[in-house]
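Below is the file coords-v4.csv, which contains CSV, C-alpha atoms.
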chain,number,residue,atom,x,y,z
A,1,LEU,CA,50.9,-52.5,46.6
A,2,SER,CA,54.7,-52.4,46.4
A,3,SER,CA,57.0,-55.3,46.7
A,4,SER,CA,60.7,-56.1,46.4
A,5,ARG,CA,62.2,-59.0,44.5
A,6,THR,CA,65.5,-60.5,45.5
A,7,VAL,CA,65.9,-63.4,43.1
A,8,LYS,CA,64.4,-63.5,39.6
A,9,LYS,CA,64.4,-67.3,39.0
A,10,ALA,CA,63.3,-70.1,41.3
A,11,SER,CA,62.1,-73.6,41.0
A,12,PHE,CA,60.0,-73.4,44.1
A,13,GLU,CA,60.9,-77.0,45.3
A,14,ARG,CA,60.2,-75.7,48.8
A,15,VAL,CA,58.8,-72.4,50.0
A,16,TYR,CA,58.5,-70.7,53.4
A,17,LEU,CA,56.5,-67.7,54.4
A,18,ARG,CA,57.5,-65.2,57.1
A,19,VAL,CA,55.2,-62.5,58.3
A,20,PHE,CA,56.1,-59.4,60.3
A,21,LYS,CA,53.1,-57.8,61.9
A,22,LEU,CA,54.4,-54.3,62.9
A,23,GLU,CA,56.2,-53.8,59.5
A,24,LYS,CA,53.2,-55.2,57.6
A,25,LYS,CA,55.4,-57.4,55.4
A,26,LEU,CA,55.2,-60.9,54.1
A,27,GLU,CA,58.4,-62.6,52.9
A,28,LEU,CA,58.4,-65.5,50.5
A,29,TRP,CA,61.5,-67.6,50.7
A,30,THR,CA,62.4,-70.5,48.4
A,31,SER,CA,64.9,-73.4,48.3
A,32,ASP,CA,65.8,-75.6,45.3
A,33,SER,CA,66.1,-78.8,47.4
A,34,ASP,CA,64.9,-80.6,50.5
A,35,THR,CA,68.3,-80.0,52.2
A,36,GLY,CA,69.3,-76.6,50.8
A,37,SER,CA,69.2,-73.2,52.4
A,38,PHE,CA,66.5,-70.7,51.6
A,39,VAL,CA,66.9,-67.5,49.6
A,40,LEU,CA,64.5,-64.5,49.7
A,41,TYR,CA,62.3,-64.5,46.6
A,42,LYS,CA,60.1,-61.6,47.2
A,43,THR,CA,58.8,-59.2,50.0
A,44,TYR,CA,55.1,-58.2,49.8
A,45,ASP,CA,53.3,-55.4,51.5
A,46,ILE,CA,50.4,-56.6,53.7
A,47,CYS,CA,47.3,-54.7,52.9
A,48,LYS,CA,45.5,-55.1,56.2
A,49,LEU,CA,46.1,-56.6,59.7
A,50,SER,CA,43.6,-56.4,62.5
A,51,GLY,CA,44.5,-56.3,66.2
A,52,LYS,CA,47.8,-55.3,67.8
A,53,ILE,CA,51.2,-56.7,68.6
A,54,GLY,CA,50.8,-59.8,70.7
A,55,PRO,CA,49.6,-63.4,70.2
A,56,LYS,CA,46.0,-64.5,69.6
A,57,ARG,CA,44.6,-66.1,72.7
A,58,LYS,CA,40.8,-66.3,72.3
A,59,GLU,CA,38.0,-66.2,69.9
A,60,GLY,CA,36.8,-62.8,68.8
A,61,ASP,CA,39.8,-60.8,69.8
A,62,PHE,CA,40.6,-59.9,66.2
A,63,GLN,CA,44.2,-60.7,66.8
A,64,VAL,CA,46.5,-62.1,64.0
A,65,PRO,CA,48.2,-65.1,65.6
A,66,GLU,CA,51.9,-65.2,66.3
A,67,GLY,CA,54.0,-68.4,66.2
A,68,TYR,CA,55.0,-71.3,64.0
A,69,TYR,CA,52.3,-72.5,61.7
A,70,GLU,CA,51.8,-74.3,58.3
A,71,ILE,CA,49.4,-74.1,55.4
A,72,VAL,CA,46.6,-76.7,55.8
A,73,ASP,CA,44.0,-75.4,53.3
A,74,PHE,CA,44.1,-74.1,49.7
A,75,ASN,CA,40.7,-72.3,49.4
A,76,TYR,CA,40.0,-71.6,45.7
A,77,HIS,CA,36.5,-70.4,46.5
A,78,SER,CA,37.2,-67.9,49.3
A,79,GLN,CA,35.0,-64.9,49.8
A,80,TYR,CA,38.3,-63.0,49.9
A,81,TYR,CA,39.3,-64.1,46.3
A,82,LEU,CA,41.9,-66.9,47.3
A,83,SER,CA,43.0,-68.0,50.7
A,84,LEU,CA,45.6,-70.2,52.4
A,85,GLY,CA,44.4,-71.6,55.7
A,86,LEU,CA,46.7,-72.0,58.7
A,87,ASN,CA,46.7,-74.6,61.5
A,88,TYR,CA,45.8,-72.1,64.2
A,89,PRO,CA,45.4,-72.9,67.1
A,90,ASN,CA,48.6,-75.0,67.3
A,91,GLU,CA,49.7,-76.9,70.4
A,92,SER,CA,51.5,-73.9,71.9
A,93,ASP,CA,48.3,-71.7,71.4
A,94,LYS,CA,46.2,-74.4,73.2
A,95,ILE,CA,48.5,-74.7,76.1
A,96,LEU,CA,49.1,-71.0,76.7
A,97,SER,CA,45.5,-69.8,76.3
A,98,LYS,CA,43.4,-69.6,79.4
A,99,TYR,CA,40.2,-69.6,77.3
A,100,SER,CA,38.2,-72.5,76.1
A,101,LYS,CA,37.4,-71.0,72.8
A,102,LEU,CA,40.5,-69.9,70.8
A,103,GLY,CA,38.8,-69.2,67.5
A,104,GLY,CA,40.0,-70.5,64.1
A,105,ASN,CA,39.7,-70.0,60.4
A,106,ILE,CA,42.9,-67.9,60.2
A,107,TYR,CA,43.9,-67.3,56.6
A,108,ILE,CA,46.3,-65.5,54.4
A,109,HIS,CA,43.9,-64.1,51.8
A,110,GLY,CA,43.1,-61.5,49.2
A,111,ASN,CA,41.0,-58.4,49.5
A,112,CYS,CA,42.0,-55.7,52.1
A,113,ILE,CA,39.8,-56.7,55.1
A,114,SER,CA,41.1,-58.4,58.3
A,115,VAL,CA,39.4,-59.7,61.4
A,116,GLY,CA,42.3,-61.8,62.5
A,117,CYS,CA,43.7,-62.8,59.1
A,118,VAL,CA,46.6,-61.6,56.9
A,119,ALA,CA,45.0,-59.7,54.0
A,120,MET,CA,47.3,-59.3,51.0
A,121,GLY,CA,45.2,-57.8,48.3
A,122,ASN,CA,44.1,-59.8,45.3
A,123,ASN,CA,47.2,-59.4,43.1
A,124,ASN,CA,49.6,-60.4,45.9
A,125,ILE,CA,47.6,-63.4,47.0
A,126,LYS,CA,47.2,-64.6,43.4
A,127,GLU,CA,51.0,-64.9,43.1
A,128,ILE,CA,51.6,-66.3,46.6
A,129,PHE,CA,48.9,-68.9,46.2
A,130,LYS,CA,50.3,-70.0,42.8
A,131,ILE,CA,53.8,-70.4,44.2
A,132,CYS,CA,52.6,-72.4,47.1
A,133,GLU,CA,50.6,-74.6,44.7
A,134,ILE,CA,53.8,-75.2,42.7
A,135,ALA,CA,55.7,-76.3,45.9
A,136,LYS,CA,52.8,-78.6,46.8
A,137,SER,CA,52.7,-80.1,43.4
A,138,LYS,CA,56.5,-80.8,43.7
A,139,GLY,CA,55.9,-82.7,46.9
A,140,GLN,CA,56.2,-80.2,49.7
A,141,THR,CA,53.6,-81.5,52.2
A,142,HIS,CA,54.3,-78.9,54.9
A,143,ILE,CA,54.6,-75.3,53.9
A,144,PRO,CA,55.7,-73.3,57.0
A,145,VAL,CA,54.4,-69.9,57.9
A,146,HIS,CA,56.1,-68.1,60.7
A,147,ILE,CA,54.3,-65.1,62.1
A,148,TYR,CA,56.4,-62.7,64.2
A,149,PRO,CA,55.4,-59.5,66.0
A,150,ILE,CA,58.3,-57.6,64.5
A,151,ASN,CA,61.3,-58.0,62.3
A,152,PHE,CA,63.8,-58.6,65.1
A,153,ASN,CA,66.6,-57.2,62.8
A,154,ASN,CA,64.9,-53.8,62.9
A,155,ILE,CA,66.2,-51.9,65.9
A,156,PRO,CA,63.4,-49.3,66.1
A,157,SER,CA,60.9,-52.2,66.0
A,158,THR,CA,62.7,-53.9,68.9
A,159,PHE,CA,62.4,-50.7,71.0
A,160,TYR,CA,58.7,-50.5,70.1
A,161,LEU,CA,58.2,-54.1,71.2
A,162,LEU,CA,59.8,-53.4,74.6
A,163,SER,CA,57.8,-50.3,75.1
A,164,GLU,CA,54.5,-51.7,73.9
A,165,ILE,CA,54.4,-55.1,75.6
A,166,VAL,CA,54.0,-54.6,79.3
A,167,ASP,CA,52.7,-58.1,80.1
A,168,LYS,CA,55.7,-60.2,81.2
A,169,ASP,CA,54.3,-63.4,79.9
A,170,ASN,CA,53.6,-61.9,76.4
A,171,LEU,CA,57.1,-60.5,76.3
A,172,LYS,CA,58.6,-63.8,77.3
A,173,PHE,CA,56.6,-65.4,74.5
A,174,GLU,CA,57.8,-62.9,71.9
A,175,TYR,CA,61.4,-63.6,72.8
A,176,ASN,CA,60.8,-67.3,72.6
A,177,LEU,CA,59.7,-66.6,69.0
A,178,LYS,CA,63.0,-64.6,68.5
A,179,GLU,CA,65.0,-67.8,69.2
A,180,GLY,CA,63.6,-69.4,66.0
A,181,PHE,CA,64.0,-66.2,64.1
A,182,ASP,CA,67.7,-66.0,65.1
A,183,LEU,CA,68.3,-69.7,64.1
A,184,PHE,CA,67.0,-69.1,60.6
A,185,GLU,CA,69.0,-65.9,60.3
A,186,GLN,CA,72.3,-67.7,61.0
A,187,ASN,CA,72.4,-69.7,57.8
A,188,LYS,CA,68.9,-69.6,56.3
A,189,TYR,CA,68.0,-73.2,57.2
A,190,LEU,CA,64.6,-73.7,58.7
A,191,PRO,CA,64.8,-74.9,62.3
A,192,SER,CA,62.9,-77.9,63.5
A,193,VAL,CA,60.2,-76.7,65.9
A,194,SER,CA,58.4,-78.6,68.7
A,195,VAL,CA,56.4,-77.5,71.8
A,196,ASP,CA,57.1,-78.5,75.4
A,197,SER,CA,54.5,-79.2,78.1
A,198,GLY,CA,54.5,-75.5,79.1
A,199,GLY,CA,53.7,-74.2,75.6
A,200,ARG,CA,57.2,-73.0,74.9
A,201,TYR,CA,58.6,-73.5,71.4
A,202,LEU,CA,61.7,-75.6,71.2
Reformat the file's structure so that it appears as structure tokens.
Amino acid sequence: LSSSRTVKKASFERVYLRVFKLEKKLELWTSDSDTGSFVLYKTYDICKLSGKIGPKRKEGDFQVPEGYYEIVDFNYHSQYYLSLGLNYPNESDKILSKYSKLGGNIYIHGNCISVGCVAMGNNNIKEIFKICEIAKSKGQTHIPVHIYPINFNNIPSTFYLLSEIVDKDNLKFEYNLKEGFDLFEQNKYLPSVSVDSGGRYL
């Protein structure tokens, strides 16, 4: 699995993970302080993603979720080597889904098998897991994971999104996600994210 490194030294006071489904990339960003901007530490190839472009809305759809999440579980005894559990479904997922069973147990994990999770391969997850452990040990209680359908800086991917997503509600949702993406891109500061009564990210 290939990867690209942007900075060679980092203290990992804070970390942030950003996933692009279409490009099958996971970016690990780091900041040296609670108030500092983030820099890209490394980009990893994702080994396997199930489903297609679009949010996860029900149990058993094999979709990788899209939205704003955080790590809530460090699983040292995963059947997929190591795994980092996400807080799916979040409030937006619960409001926007019309189904009573939304599913769960969404992880970033090792191996190369996916039924709704982000499979990184064992070598990659070992490094990502360790870095997240370091940030946690230094006091980062919320490690954000933002999962996007595409890298919105990639023009061919944007054209693909417009041609692939025919459901107007889903397309509206994707461009709601783009708002948070754009805010981060302005100065590499993480935006504060909340959810309104209609499930829209603010």
Set the distance at 8 Å and use only C-alpha atoms: which residues neighbour segment 27-39 of chain A once local chain neighbours fewer than 6 positions away are removed? I'd like the list as a PDB file with C-alpha atoms, in the frame of the given file.
ATOM      1  CA  VAL A   7      65.900 -63.400  43.100  1.00  0.00           C
ATOM      2  CA  ALA A  10      63.300 -70.100  41.300  1.00  0.00           C
ATOM      3  CA  SER A  11      62.100 -73.600  41.000  1.00  0.00           C
ATOM      4  CA  PHE A  12      60.000 -73.400  44.100  1.00  0.00           C
ATOM      5  CA  GLU A  13      60.900 -77.000  45.300  1.00  0.00           C
ATOM      6  CA  ARG A  14      60.200 -75.700  48.800  1.00  0.00           C
ATOM      7  CA  VAL A  15      58.800 -72.400  50.000  1.00  0.00           C
ATOM      8  CA  TYR A  16      58.500 -70.700  53.400  1.00  0.00           C
ATOM      9  CA  LEU A  17      56.500 -67.700  54.400  1.00  0.00           C
ATOM     10  CA  ARG A  18      57.500 -65.200  57.100  1.00  0.00           C
ATOM     11  CA  VAL A  19      55.200 -62.500  58.300  1.00  0.00           C
ATOM     12  CA  ILE A 128      51.600 -66.300  46.600  1.00  0.00           C
ATOM     13  CA  ASN A 187      72.400 -69.700  57.800  1.00  0.00           C
ATOM     14  CA  LYS A 188      68.900 -69.600  56.300  1.00  0.00           C
ATOM     15  CA  TYR A 189      68.000 -73.200  57.200  1.00  0.00           C
ATOM     16  CA  LEU A 190      64.600 -73.700  58.700  1.00  0.00           C
TER      17      LEU A 190
END
Could you pull the residues within 10 Å of Gly54 of chain A, counting all atoms listed in the file, minus those fewer than 2 positions along the same chain, as a ChimeraX atom specification?
-> /A:21,51-52,56-57,63-66,148-150,161,164-165,167,170-171,173-174
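Minimum distance to Phe20 of chain A across A:His146, A:Val193, A:Gln140, A:Ile106 (counting only C-alpha atoms) occurs at A:His146.
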Which polymer residues have any atom within 9 Å of an atom of Arg200 of chain A, counting all atoms listed in the file, with same-chain residues fewer than 4 positions away left out, as a count of residues only?
-> 8
Between atom CA of Tyr175 of chain A and atom CA of Leu202 of chain A, what is the spacing in Å?
->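 Atom CA of Leu202 of chain A sits 12.1 Å away from atom CA of Tyr175 of chain A.
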Gap from atom CA of Glu91 of chain A to atom CA of Gly199 of chain A - Å, one decimal =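 Going from atom CA of Glu91 of chain A over to atom CA of Gly199 of chain A covers 7.1 Å.
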Using only C-alpha atoms, find the one residue out of A:Val145, A:Ile125, A:Ile108, A:Val118 that sits nearest to Lys24 of chain A.
->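 Going through A:Val145, A:Ile125, A:Ile108, A:Val118 one by one, the smallest distance to Lys24 of chain A is for A:Val118.
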Given all atoms listed in the file as the counted atoms, nearest of A:Asp45, A:Glu133, A:Asp182, A:Asp169 to Phe74 of chain A |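 Using all atoms listed in the file, Phe74 of chain A sits closest to A:Glu133.
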Using only C-alpha atoms, which of the listed residues (A:Val72, A:Lys58, A:Glu23, A:Tyr99) sits closest to Thr158 of chain A?
-> A:Glu23
